[in-house]
Structures are given as structure tokens and as C-alpha cells.
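Shown here: input_8.tsv, TSV, C-alpha atoms and all ligand atoms.
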chain	number	residue	atom	x	y	z
A	1	MET	CA	2.49	-0.04	23.30
A	2	ASN	CA	-0.45	1.97	22.07
A	3	ARG	CA	0.25	5.67	21.86
A	4	ASP	CA	-3.01	7.41	22.71
A	5	THR	CA	-4.64	9.62	20.10
A	6	PRO	CA	-5.40	13.20	21.17
A	7	SER	CA	-9.14	12.71	20.62
A	8	GLY	CA	-9.27	9.30	22.34
A	9	ASP	CA	-10.67	7.82	19.10
A	10	PRO	CA	-8.37	4.90	18.21
A	11	PHE	CA	-9.19	5.25	14.51
A	12	ARG	CA	-7.84	8.83	14.34
A	13	LEU	CA	-4.40	9.65	12.95
A	14	ASP	CA	-4.07	13.22	14.24
A	15	ASP	CA	-0.42	14.30	14.48
A	16	ARG	CA	0.70	11.06	12.81
A	17	VAL	CA	3.09	11.23	9.88
A	18	VAL	CA	2.15	8.83	7.07
A	19	VAL	CA	4.45	7.96	4.16
A	20	LEU	CA	2.35	6.65	1.28
A	21	THR	CA	3.83	5.29	-1.95
A	22	GLY	CA	1.89	5.04	-5.20
A	23	ALA	CA	-0.17	8.10	-4.33
A	24	SER	CA	-0.34	9.48	-7.89
A	25	SER	CA	-3.34	7.40	-9.03
A	26	GLY	CA	-5.91	4.78	-8.21
A	27	LEU	CA	-6.18	3.40	-4.70
A	28	GLY	CA	-3.26	5.53	-3.51
A	29	ARG	CA	-5.08	8.78	-4.27
A	30	GLY	CA	-8.08	7.52	-2.33
A	31	PHE	CA	-5.87	6.42	0.56
A	32	ALA	CA	-4.27	9.89	0.71
A	33	ARG	CA	-7.70	11.53	0.97
A	34	ALA	CA	-8.87	9.09	3.66
A	35	LEU	CA	-5.65	9.47	5.67
A	36	ALA	CA	-5.99	13.26	5.50
A	37	VAL	CA	-9.58	13.06	6.74
A	38	ALA	CA	-8.32	10.89	9.63
A	39	GLY	CA	-5.98	13.74	10.57
A	40	ALA	CA	-2.61	12.54	9.26
A	41	ASP	CA	0.28	14.58	7.87
A	42	LEU	CA	1.38	13.07	4.57
A	43	VAL	CA	4.50	12.29	2.57
A	44	LEU	CA	3.32	11.21	-0.89
A	45	ALA	CA	5.65	9.38	-3.28
A	46	ALA	CA	5.42	8.13	-6.87
A	47	ARG	CA	7.16	8.73	-10.20
A	48	ARG	CA	4.57	11.18	-11.61
A	49	LEU	CA	5.27	14.36	-9.65
A	50	GLU	CA	2.59	16.45	-11.36
A	51	GLN	CA	-0.16	14.12	-10.19
A	52	LEU	CA	1.22	14.22	-6.65
A	53	GLU	CA	1.31	18.02	-6.67
A	54	GLU	CA	-2.26	18.18	-7.96
A	55	LEU	CA	-3.39	15.87	-5.14
A	56	ALA	CA	-1.44	17.84	-2.53
A	57	ALA	CA	-3.16	21.06	-3.69
A	58	GLU	CA	-6.51	19.39	-3.14
A	59	LEU	CA	-5.67	18.30	0.42
A	60	THR	CA	-6.03	21.68	2.08
A	61	GLY	CA	-5.86	21.61	5.85
A	62	THR	CA	-3.27	18.81	5.82
A	63	ARG	CA	0.50	19.19	5.80
A	64	VAL	CA	1.72	17.38	2.66
A	65	GLU	CA	5.20	16.72	1.26
A	66	VAL	CA	5.53	15.23	-2.22
A	67	VAL	CA	8.56	13.31	-3.48
A	68	ARG	CA	9.22	11.96	-6.94
A	69	ALA	CA	10.56	8.46	-6.37
A	70	ASP	CA	10.87	5.09	-8.03
A	71	VAL	CA	10.50	2.54	-5.24
A	72	SER	CA	12.55	-0.04	-7.12
A	73	SER	CA	15.55	2.21	-6.36
A	74	PRO	CA	16.87	1.87	-2.78
A	75	GLU	CA	18.39	5.33	-3.16
A	76	ASP	CA	15.02	6.89	-4.07
A	77	CYS	CA	13.46	5.14	-1.06
A	78	ARG	CA	16.10	6.68	1.20
A	79	ARG	CA	15.29	10.10	-0.28
A	80	VAL	CA	11.61	9.63	0.60
A	81	ALA	CA	12.55	8.80	4.20
A	82	GLU	CA	14.91	11.79	4.33
A	83	ALA	CA	12.13	14.07	3.08
A	84	ALA	CA	9.88	12.78	5.88
A	85	ALA	CA	12.65	13.30	8.44
A	86	THR	CA	13.39	16.83	7.23
A	87	ARG	CA	9.77	18.00	7.11
A	88	PHE	CA	8.24	16.07	10.04
A	89	GLY	CA	11.08	14.48	12.03
A	90	ARG	CA	9.65	10.96	12.06
A	91	VAL	CA	7.42	8.39	10.33
A	92	ASP	CA	4.46	6.89	12.23
A	93	VAL	CA	2.90	4.94	9.37
A	94	LEU	CA	4.35	3.59	6.14
A	95	VAL	CA	1.91	2.41	3.46
A	96	ASN	CA	3.68	0.40	0.76
A	97	ASN	CA	1.06	0.82	-1.93
A	98	ALA	CA	3.11	1.37	-5.13
A	99	GLY	CA	2.61	-1.51	-7.50
A	100	ILE	CA	2.44	-2.60	-11.12
A	101	GLY	CA	0.59	-5.48	-12.69
A	102	THR	CA	1.14	-7.45	-15.87
A	103	VAL	CA	-0.89	-10.18	-17.53
A	104	VAL	CA	1.47	-12.46	-19.47
A	105	PRO	CA	1.39	-16.23	-20.00
A	106	ALA	CA	4.29	-17.73	-18.04
A	107	SER	CA	5.66	-19.32	-21.23
A	108	LYS	CA	5.99	-15.85	-22.79
A	109	GLU	CA	7.27	-13.90	-19.75
A	110	THR	CA	10.61	-12.14	-20.22
A	111	PRO	CA	13.35	-11.87	-17.59
A	112	ASP	CA	13.05	-8.06	-17.58
A	113	GLY	CA	9.26	-8.16	-17.32
A	114	PHE	CA	9.30	-10.58	-14.42
A	115	ARG	CA	12.10	-8.75	-12.61
A	116	GLN	CA	10.42	-5.38	-12.95
A	117	VAL	CA	7.23	-6.51	-11.22
A	118	ILE	CA	9.19	-8.10	-8.36
A	119	ASP	CA	11.42	-5.03	-8.16
A	120	VAL	CA	8.51	-2.63	-7.66
A	121	ASN	CA	5.95	-4.70	-5.76
A	122	LEU	CA	8.19	-6.71	-3.45
A	123	ASN	CA	11.68	-5.22	-3.39
A	124	GLY	CA	10.27	-1.68	-3.32
A	125	ALA	CA	8.27	-2.44	-0.18
A	126	PHE	CA	11.42	-3.78	1.46
A	127	TRP	CA	13.60	-0.78	0.51
A	128	MET	CA	10.92	1.61	1.78
A	129	SER	CA	10.52	-0.32	5.05
A	130	GLN	CA	14.28	-0.46	5.59
A	131	ALA	CA	14.65	3.28	4.88
A	132	CYS	CA	11.75	4.35	7.14
A	133	GLN	CA	12.24	1.96	10.07
A	134	PRO	CA	14.90	4.05	11.87
A	135	LEU	CA	12.45	6.98	11.87
A	136	MET	CA	9.54	4.96	13.27
A	137	PRO	CA	8.83	5.28	17.00
A	138	GLU	CA	7.19	2.63	19.16
A	139	GLY	CA	3.50	2.36	18.21
A	140	SER	CA	4.19	2.80	14.48
A	141	SER	CA	2.61	0.72	11.73
A	142	ILE	CA	3.64	-0.55	8.30
A	143	VAL	CA	0.90	-1.60	5.88
A	144	ASN	CA	1.93	-3.58	2.81
A	145	VAL	CA	-0.70	-3.47	0.09
A	146	ALA	CA	-0.68	-7.02	-1.26
A	147	SER	CA	-3.66	-8.60	-3.05
A	148	VAL	CA	-6.27	-11.33	-2.85
A	149	LEU	CA	-3.94	-13.01	-5.37
A	150	ALA	CA	-1.49	-13.57	-2.52
A	151	HIS	CA	-4.08	-16.08	-1.26
A	152	VAL	CA	-5.80	-17.56	-4.33
A	153	ALA	CA	-4.85	-18.49	-7.89
A	154	PRO	CA	-5.34	-15.65	-10.36
A	155	ARG	CA	-8.07	-15.86	-13.02
A	156	PHE	CA	-5.58	-14.54	-15.61
A	157	PRO	CA	-1.90	-15.45	-16.23
A	158	GLN	CA	-0.04	-13.25	-13.75
A	159	ALA	CA	2.95	-15.22	-12.44
A	160	ALA	CA	5.12	-12.20	-11.60
A	161	TYR	CA	2.32	-10.24	-9.93
A	162	THR	CA	1.04	-13.21	-7.96
A	163	ALA	CA	4.53	-14.16	-6.81
A	164	SER	CA	5.29	-10.58	-5.78
A	165	LYS	CA	2.13	-10.31	-3.70
A	166	ALA	CA	2.57	-13.73	-2.07
A	167	GLY	CA	6.16	-12.66	-1.33
A	168	LEU	CA	4.82	-9.56	0.40
A	169	LEU	CA	3.00	-11.76	2.90
A	170	GLY	CA	6.29	-13.48	3.76
A	171	LEU	CA	8.01	-10.11	4.07
A	172	THR	CA	5.18	-8.89	6.30
A	173	ARG	CA	5.61	-11.84	8.66
A	174	ASP	CA	9.38	-11.47	8.78
A	175	LEU	CA	9.39	-7.72	9.48
A	176	ALA	CA	6.64	-8.17	12.07
A	177	GLN	CA	8.74	-10.83	13.79
A	178	GLU	CA	11.87	-8.65	13.68
A	179	TRP	CA	10.34	-5.28	14.59
A	180	SER	CA	7.03	-5.69	16.48
A	181	GLY	CA	8.32	-6.92	19.83
A	182	ARG	CA	11.70	-5.21	19.86
A	183	LYS	CA	10.83	-1.89	18.24
A	184	GLY	CA	7.06	-1.66	18.67
A	185	ILE	CA	6.44	-1.41	14.92
A	186	ARG	CA	3.46	-3.45	13.76
A	187	VAL	CA	3.62	-4.83	10.21
A	188	ASN	CA	0.56	-6.09	8.33
A	189	ALA	CA	-0.64	-6.72	4.80
A	190	LEU	CA	-3.83	-5.36	3.29
A	191	CYS	CA	-5.16	-7.69	0.58
A	192	PRO	CA	-7.69	-6.02	-1.73
A	193	GLY	CA	-9.92	-7.95	-4.07
A	194	TYR	CA	-10.86	-5.94	-7.18
A	195	PHE	CA	-11.28	-2.17	-7.16
A	196	ASP	CA	-11.52	0.36	-9.99
A	197	SER	CA	-8.10	1.90	-10.80
A	198	GLU	CA	-5.70	2.44	-13.70
A	199	MET	CA	-4.46	-1.10	-13.06
A	200	THR	CA	-7.83	-2.81	-13.43
A	201	ARG	CA	-9.43	-0.47	-15.98
A	202	ASP	CA	-7.78	-1.97	-19.06
A	203	GLN	CA	-8.61	-5.57	-18.26
A	204	GLU	CA	-12.07	-5.68	-19.86
A	205	PRO	CA	-13.28	-9.25	-19.20
A	206	LEU	CA	-12.27	-8.69	-15.59
A	207	ARG	CA	-15.52	-7.17	-14.39
A	208	GLU	CA	-17.62	-10.19	-15.40
A	209	VAL	CA	-15.10	-12.60	-13.89
A	210	VAL	CA	-15.04	-10.68	-10.61
A	211	GLU	CA	-18.81	-10.34	-10.45
A	212	ALA	CA	-19.19	-14.10	-10.92
A	213	GLY	CA	-16.29	-14.94	-8.64
A	214	THR	CA	-17.06	-12.98	-5.48
A	215	MET	CA	-19.73	-13.58	-2.85
A	216	LEU	CA	-20.79	-9.94	-3.02
A	217	GLY	CA	-20.94	-10.09	-6.83
A	218	ARG	CA	-19.22	-6.76	-7.51
A	219	PHE	CA	-16.02	-4.73	-7.43
A	220	GLY	CA	-15.18	-3.10	-4.12
A	221	GLU	CA	-15.49	0.64	-3.60
A	222	GLN	CA	-12.62	2.83	-2.48
A	223	HIS	CA	-14.23	3.72	0.87
A	224	GLU	CA	-14.54	0.01	1.69
A	225	LEU	CA	-10.77	-0.36	1.41
A	226	ASP	CA	-10.01	2.97	3.10
A	227	ALA	CA	-11.75	1.73	6.24
A	228	ALA	CA	-9.44	-1.30	6.42
A	229	LEU	CA	-6.36	0.81	5.76
A	230	ILE	CA	-7.25	3.26	8.54
A	231	PHE	CA	-7.80	0.31	10.89
A	232	LEU	CA	-4.36	-1.18	10.17
A	233	ALA	CA	-2.61	2.22	10.21
A	234	SER	CA	-4.15	3.46	13.45
A	235	PRO	CA	-3.99	2.43	17.13
A	236	ALA	CA	-7.35	0.67	16.57
A	237	SER	CA	-5.28	-2.35	15.47
A	238	SER	CA	-2.70	-2.15	18.29
A	239	TYR	CA	-2.81	-5.94	18.89
A	240	VAL	CA	-2.66	-6.87	15.18
A	241	THR	CA	0.68	-7.69	13.59
A	242	GLY	CA	2.21	-10.17	11.15
A	243	THR	CA	-1.09	-10.89	9.47
A	244	SER	CA	-3.10	-10.00	6.39
A	245	LEU	CA	-6.54	-8.49	6.10
A	246	LEU	CA	-8.57	-9.52	3.05
A	247	VAL	CA	-11.05	-6.99	1.68
A	248	ASP	CA	-12.21	-9.02	-1.30
A	249	GLY	CA	-16.00	-9.32	-1.23
A	250	GLY	CA	-15.60	-12.99	-0.34
A	251	MET	CA	-13.55	-13.94	-3.42
A	252	SER	CA	-10.98	-15.94	-1.46
A	253	ALA	CA	-13.64	-17.86	0.43
A	254	LEU	CA	-15.49	-19.17	-2.64
A	301	LIG	N1	-7.02	-2.06	-8.01
A	301	LIG	C1	-7.14	-3.28	-7.56
A	301	LIG	O1	-8.14	-3.96	-7.80
A	301	LIG	C2	-6.05	-3.89	-6.71
A	301	LIG	C3	-6.28	-5.15	-6.18
A	301	LIG	C4	-5.30	-5.72	-5.38
A	301	LIG	C5	-4.14	-5.03	-5.10
A	301	LIG	N2	-3.95	-3.80	-5.65
A	301	LIG	C6	-2.70	-3.11	-5.32
A	301	LIG	O2	-2.98	-1.80	-4.93
A	301	LIG	C7	-1.86	-0.97	-5.20
A	301	LIG	C8	-2.31	0.27	-5.96
A	301	LIG	O3	-2.74	-0.13	-7.25
A	301	LIG	P1	-3.89	0.60	-8.06
A	301	LIG	O4	-4.93	-0.39	-8.35
A	301	LIG	O5	-4.27	1.87	-7.41
A	301	LIG	O6	-3.14	0.87	-9.46
A	301	LIG	P2	-2.65	2.19	-10.17
A	301	LIG	O7	-3.78	3.16	-10.32
A	301	LIG	O8	-1.95	1.73	-11.38
A	301	LIG	O9	-1.62	2.83	-9.14
A	301	LIG	C9	-0.33	2.32	-8.95
A	301	LIG	C10	0.49	3.36	-8.21
A	301	LIG	O10	1.82	2.83	-8.02
A	301	LIG	C11	2.75	3.78	-8.47
A	301	LIG	N3	3.96	3.14	-8.96
A	301	LIG	C12	4.07	2.21	-9.94
A	301	LIG	N4	5.36	1.88	-10.14
A	301	LIG	C13	6.08	2.65	-9.27
A	301	LIG	C14	7.46	2.79	-8.98
A	301	LIG	N5	8.37	2.08	-9.65
A	301	LIG	N6	7.84	3.66	-8.03
A	301	LIG	C15	6.92	4.40	-7.36
A	301	LIG	N7	5.61	4.31	-7.57
A	301	LIG	C16	5.19	3.45	-8.52
A	301	LIG	C17	2.03	4.56	-9.56
A	301	LIG	O11	2.58	5.86	-9.66
A	301	LIG	P3	3.60	6.36	-10.80
A	301	LIG	O12	3.22	5.68	-12.08
A	301	LIG	O13	3.37	7.84	-10.80
A	301	LIG	O14	4.95	5.99	-10.30
A	301	LIG	C18	0.63	4.64	-8.99
A	301	LIG	O15	0.53	5.73	-8.11
A	301	LIG	C19	-0.87	-1.85	-5.97
A	301	LIG	O16	0.12	-2.35	-5.10
A	301	LIG	C20	-1.75	-2.97	-6.48
A	301	LIG	O17	-1.03	-4.14	-6.74
A	301	LIG	C21	-4.86	-3.21	-6.44

Would you kindly transcribe this structure into C-alpha cells?
Ligand SMILES: NC(=O)c1ccc[n+]([C@@H]2O[C@H](COP(=O)([O-])OP(=O)(O)OC[C@H]3O[C@@H](n4cnc5c(N)ncnc54)[C@H](OP(=O)(O)O)[C@@H]3O)[C@@H](O)[C@H]2O)c1
Amino acid sequence: MNRDTPSGDPFRLDDRVVVLTGASSGLGRGFARALAVAGADLVLAARRLEQLEELAAELTGTRVEVVRADVSSPEDCRRVAEAAATRFGRVDVLVNNAGIGTVVPASKETPDGFRQVIDVNLNGAFWMSQACQPLMPEGSSIVNVASVLAHVAPRFPQAAYTASKAGLLGLTRDLAQEWSGRKGIRVNALCPGYFDSEMTRDQEPLREVVEAGTMLGRFGEQHELDAALIFLASPASSYVTGTSLLVDGGMSAL
């Protein structure tokens, strides 16, 4: 069921409560700004509270709750959901954006290193979804931020990251199957190509590789990803569930 938006514009998120993880830097900060412009109330989570508070102060005109949380902790994820329940009474959209990336040859990967990436990128999305689901009414949406690397082989050695993001696609399909029909919660994955952020900034040869390896020959820009996020979060995508949307400048099609 598609709950109508007050303005009649299906891309608006007025009066919708959005929980966004990984809002303290990079794509998450941009997502928070775009969601606020679309009219949403926000619950922002990450480990760096100061950065969240700074962002919240910038988002005047929007109701914002910030929560320090490590998504690899199921308990922290429950606290984020509780904060949303206490302040707003429900969750309409959950964006599982928190993530970490490592570049390590598989032969040199450590058990702790591998586990940590899976714990944040994959397990964290599950704990957050499980914690928020009881607060999500019919017409709600979960967006799992995966990666183009869920679809294609990475250009650099990234076994843990690639496995975590491919795993997110499986999780997306499962939760969509369990919750879309019965509970009216759509679940989709957003798969970015390469965008400027703390995660990509340190990987210097990356820019040349991406420019040569995408049809559009460049990194994406934040607003190009925001548009896809708003689509998946809003009633504009009311018949879209269990799938992934690639915003990768054509990288996966080459
Ligand atoms: N940038 C790209 O080109 C690109 C491409 C494909 C996919 N992605 C995905 O997009 C998402 C955002 O990444 P980004 O590029 O914006 O990188 P980023 O600037 O490094 O941001 C990562 C965010 O995740 C948060 N985070 C990390 N570990 C966390 C934990 N244990 N608990 C809670 N929050 C945690 C960080 O906040 P704290 O450190 O404050 O906790 C930060 O806000 C990630 O899932 C990433 O895999 C990015």
C-alpha cells in the first residue's frame, strides 16, 4: 500500500521519520541533507557524536535526533530504534549506510580484519533492520547501501568488503520476501559506484582506475546518488522491492 504524501508528490518525505546510519561523514552526510530537503524528520547514528551534532545544527527546519552507536552491536542498534520510538513514535524509512572498507590481499587478511568488515557492513544492517522493523508501518522502506562491488569483481583486493556487500543483496532479498507482502515494508539495495568520501579519498590510484573503468569516465557526484536514495525511500518506488539499484556510471555494464 502506498501511503499518500501530503503534497501529492511521490518523491516527498514530509512527515516521514528516517533512521540513517553512518551519517557522520561522506555519503551519509549528503544523504541527511537530501532527506531533510525532501521533508523528512531524521534520526542520525554513527560512532562520532560530535560530527553528528555538527550536522544536526546545520539542518535547521528539520527535527533531528542524534545517537552515538556502533552498528556492529545489536544493543546499540536497539538503542537507535528506541531513540526513534521515543522522539517520533515510529520509523518510516531505514537507511543502512554505515560501512567500512579495507584493501588487503586475501592471503594477508586476518580473522579480526575480515570479521570486522562483515560485522559492520552486513551484520550491522541486519541488527538495525531487526530493531527498527517493529516500528515500521505499512508503506515503509528499508534501503541497504551496498556497492557496485556486490555485482562485479573489485579492481583492488577487497575480499571482506566485496563479500559483505554481496551478502547485503542476499539479505535485501530475504527481508523483502519476509516483510514486503506481510508487513508492507519494501526492502531494496542501493549500489553506488565510486563517489568522493573518507572511504575513497585515501585510495590514490583509484581515480584513474574508475575513470578508465566506467562508461561515464568519472566519479559520481553526491546529488546523483541522493536522487536514487530519495526514489527508493519514498512512495515513488512503491512497486519496487527485493532488488538493487546501481548508480555506477556504467561500471558494471562494461
Ligand atoms: N564512497 C563510495 O564510493 C562508495 C561506493 C560504494 C558503496 N559505498 C558505501 O557507502 C556507505 C558510506 O560510505 P562513505 O563512502 O560515505 O564512507 P565514509 O565517509 O567512511 O563513511 C562511513 C560512515 O559509516 C560510519 N560507520 C563506520 N563504522 C561504523 C560502525 N561500526 N557503527 C556505526 N557507524 C559506522 C562512519 O561513522 P563513524 O566513523 O562516526 O562511526 C561514517 O559515518 C558505506 O556503506 C560504503 O560501503 C561507498

Self-check item: Proximity to A:Val91 - best of A:Asp15, A:Glu109, A:Asp76, A:Asp119, all atoms listed in the file
Solution: A:Asp15

Quiz item: Between atom O14 of ligand LIG 301 (chain A) and atom CA of A:Pro137, what is the distance, to one decimal in Å?
Solution: 27.6 Å

Dump as CSV the rows for residues of stretch 146-241 of chain A within 6 Å of stretch 248-254 of chain A: closest atom pair and distance in Å with one decimal, all atoms listed in the file counted, ordered by chain and rising residue number.
residue,atom,partner,partner_atom,distance
A:Pro192,CA,A:Asp248,CA,5.4
A:Gly193,CA,A:Asp248,CA,3.7
A:Gly213,CA,A:Met251,CA,6.0
A:Thr214,CA,A:Met251,CA,4.2
A:Met215,CA,A:Gly250,CA,4.9
A:Leu216,CA,A:Gly249,CA,5.2

Which chain A residues have any atom within 6 Å of an atom of ligand LIG 301 (chain A), and for each, what is the nearest pair of atoms with distance in Å to one decimal, counting all atoms listed in the file, rows sorted by chain and number, as a tab-separated table?
residue	atom	partner	partner_atom	distance
A:Thr21	CA	A:LIG301	N7	6.0
A:Gly22	CA	A:LIG301	O15	3.3
A:Ala23	CA	A:LIG301	O15	4.5
A:Ser24	CA	A:LIG301	O15	3.9
A:Ser25	CA	A:LIG301	O15	4.3
A:Gly26	CA	A:LIG301	O7	3.4
A:Leu27	CA	A:LIG301	O5	3.7
A:Gly28	CA	A:LIG301	O5	5.4
A:Ala46	CA	A:LIG301	N7	3.9
A:Arg47	CA	A:LIG301	O14	3.5
A:Arg48	CA	A:LIG301	O13	3.6
A:Ala69	CA	A:LIG301	C15	5.5
A:Asp70	CA	A:LIG301	N6	3.4
A:Val71	CA	A:LIG301	N6	4.0
A:Ser72	CA	A:LIG301	N5	5.3
A:Asn97	CA	A:LIG301	O16	4.6
A:Ala98	CA	A:LIG301	O10	3.5
A:Gly99	CA	A:LIG301	O16	3.6
A:Ile100	CA	A:LIG301	C12	5.2
A:Val120	CA	A:LIG301	N5	5.1
A:Val145	CA	A:LIG301	O16	5.4
A:Ala146	CA	A:LIG301	C5	5.5
A:Ser147	CA	A:LIG301	C4	4.1
A:Pro192	CA	A:LIG301	C4	4.4
A:Gly193	CA	A:LIG301	C3	5.1
A:Tyr194	CA	A:LIG301	O1	3.4
A:Phe195	CA	A:LIG301	O1	3.7
A:Asp196	CA	A:LIG301	N1	5.5
A:Ser197	CA	A:LIG301	O7	4.5
A:Glu198	CA	A:LIG301	O7	4.0
A:Met199	CA	A:LIG301	O8	4.1
A:Thr200	CA	A:LIG301	N1	5.5

Preceding selection exported with C-alpha atoms as a short mmCIF file (atom, residue, chain, number, x, y, z; two decimals), in the coordinates of the input:
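out30.cif, written as the output of this step:
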data_model
loop_
_atom_site.label_atom_id
_atom_site.label_comp_id
_atom_site.auth_asym_id
_atom_site.auth_seq_id
_atom_site.Cartn_x
_atom_site.Cartn_y
_atom_site.Cartn_z
CA THR A 21 3.83 5.29 -1.95
CA GLY A 22 1.89 5.04 -5.20
CA ALA A 23 -0.17 8.10 -4.33
CA SER A 24 -0.34 9.48 -7.89
CA SER A 25 -3.34 7.40 -9.03
CA GLY A 26 -5.91 4.78 -8.21
CA LEU A 27 -6.18 3.40 -4.70
CA GLY A 28 -3.26 5.53 -3.51
CA ALA A 46 5.42 8.13 -6.87
CA ARG A 47 7.16 8.73 -10.20
CA ARG A 48 4.57 11.18 -11.61
CA ALA A 69 10.56 8.46 -6.37
CA ASP A 70 10.87 5.09 -8.03
CA VAL A 71 10.50 2.54 -5.24
CA SER A 72 12.55 -0.04 -7.12
CA ASN A 97 1.06 0.82 -1.93
CA ALA A 98 3.11 1.37 -5.13
CA GLY A 99 2.61 -1.51 -7.50
CA ILE A 100 2.44 -2.60 -11.12
CA VAL A 120 8.51 -2.63 -7.66
CA VAL A 145 -0.70 -3.47 0.09
CA ALA A 146 -0.68 -7.02 -1.26
CA SER A 147 -3.66 -8.60 -3.05
CA PRO A 192 -7.69 -6.02 -1.73
CA GLY A 193 -9.92 -7.95 -4.07
CA TYR A 194 -10.86 -5.94 -7.18
CA PHE A 195 -11.28 -2.17 -7.16
CA ASP A 196 -11.52 0.36 -9.99
CA SER A 197 -8.10 1.90 -10.80
CA GLU A 198 -5.70 2.44 -13.70
CA MET A 199 -4.46 -1.10 -13.06
CA THR A 200 -7.83 -2.81 -13.43
#

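Around the point (2.3, -11.0, -19.7), within 10 Å and counting all atoms listed in the file, we find these residues: Gly101, Thr102, Val103, Val104, Pro105, Ala106, Ser107, Lys108, Glu109, Thr110, Gly113, Phe114, Phe156, Pro157, Gln158, Ala159, Ala160 and Tyr161 of chain A.
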
Self-check item: Proximity to A:Leu149 - best of A:Val17, A:Leu94, A:Val247, A:Leu175, only C-alpha atoms
Solution: A:Val247

Within 6 Å of A:Arg78 using all atoms listed in the file, minus same-chain residues under 3 positions, as an mmCIF file with C-alpha atoms, keeping the file's coordinate frame:
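What ended up in result-v8.cif:
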data_model
loop_
_atom_site.group_PDB
_atom_site.id
_atom_site.type_symbol
_atom_site.label_atom_id
_atom_site.label_comp_id
_atom_site.auth_asym_id
_atom_site.auth_seq_id
_atom_site.Cartn_x
_atom_site.Cartn_y
_atom_site.Cartn_z
ATOM 1 C CA GLU A 75 18.390 5.330 -3.160
ATOM 2 C CA ALA A 81 12.550 8.800 4.200
ATOM 3 C CA ALA A 131 14.650 3.280 4.880
#

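With atom CA of A:Leu190 on one side and atom CA of A:Leu171 on the other, the separation reads 12.8 Å.
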
Within 10 Å of (-12.3, 16.2, 5.4) (file coordinates; all atoms listed in the file), which protein or nucleic acid residues are there? I'd like them as a tab-separated table (two decimals) with C-alpha atoms, in the frame of the given file.
chain	number	residue	atom	x	y	z
A	33	ARG	CA	-7.70	11.53	0.97
A	34	ALA	CA	-8.87	9.09	3.66
A	35	LEU	CA	-5.65	9.47	5.67
A	36	ALA	CA	-5.99	13.26	5.50
A	37	VAL	CA	-9.58	13.06	6.74
A	38	ALA	CA	-8.32	10.89	9.63
A	39	GLY	CA	-5.98	13.74	10.57
A	59	LEU	CA	-5.67	18.30	0.42
A	60	THR	CA	-6.03	21.68	2.08
A	61	GLY	CA	-5.86	21.61	5.85
A	62	THR	CA	-3.27	18.81	5.82

Quiz item: For A:Trp179, which residue among A:Ala56, A:Ile230, A:Ile142, A:Leu20 is the nearest when counting all atoms listed in the file?
Solution: A:Ile142

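Nearest to A:Glu138 of all the residues A:Ser244, A:Ser237, A:Ser180, A:Gln116 is A:Ser180, counting all atoms listed in the file.
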
Exercise. Write out as a ChimeraX atom specification the residues lying within 10 Å of A:Gln130, counting only C-alpha atoms and excluding same-chain residues fewer than 3 positions away.
Key: /A:74,77-78,81,124-127,133-135,175

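Candidate residues A:Val95, A:Ala163, A:Val240, A:Ala57 were compared for distance to A:Ala176, and the nearest is A:Val240, using only C-alpha atoms.
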
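Using all atoms listed in the file, the nearest neighbour of A:Phe231 within the list A:Ala150, A:Leu55, A:Val117, A:Val93 is A:Val93.
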
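If you look at atom CA of A:Ser238 and atom CA of A:Leu122, they are 24.7 Å away from each other.
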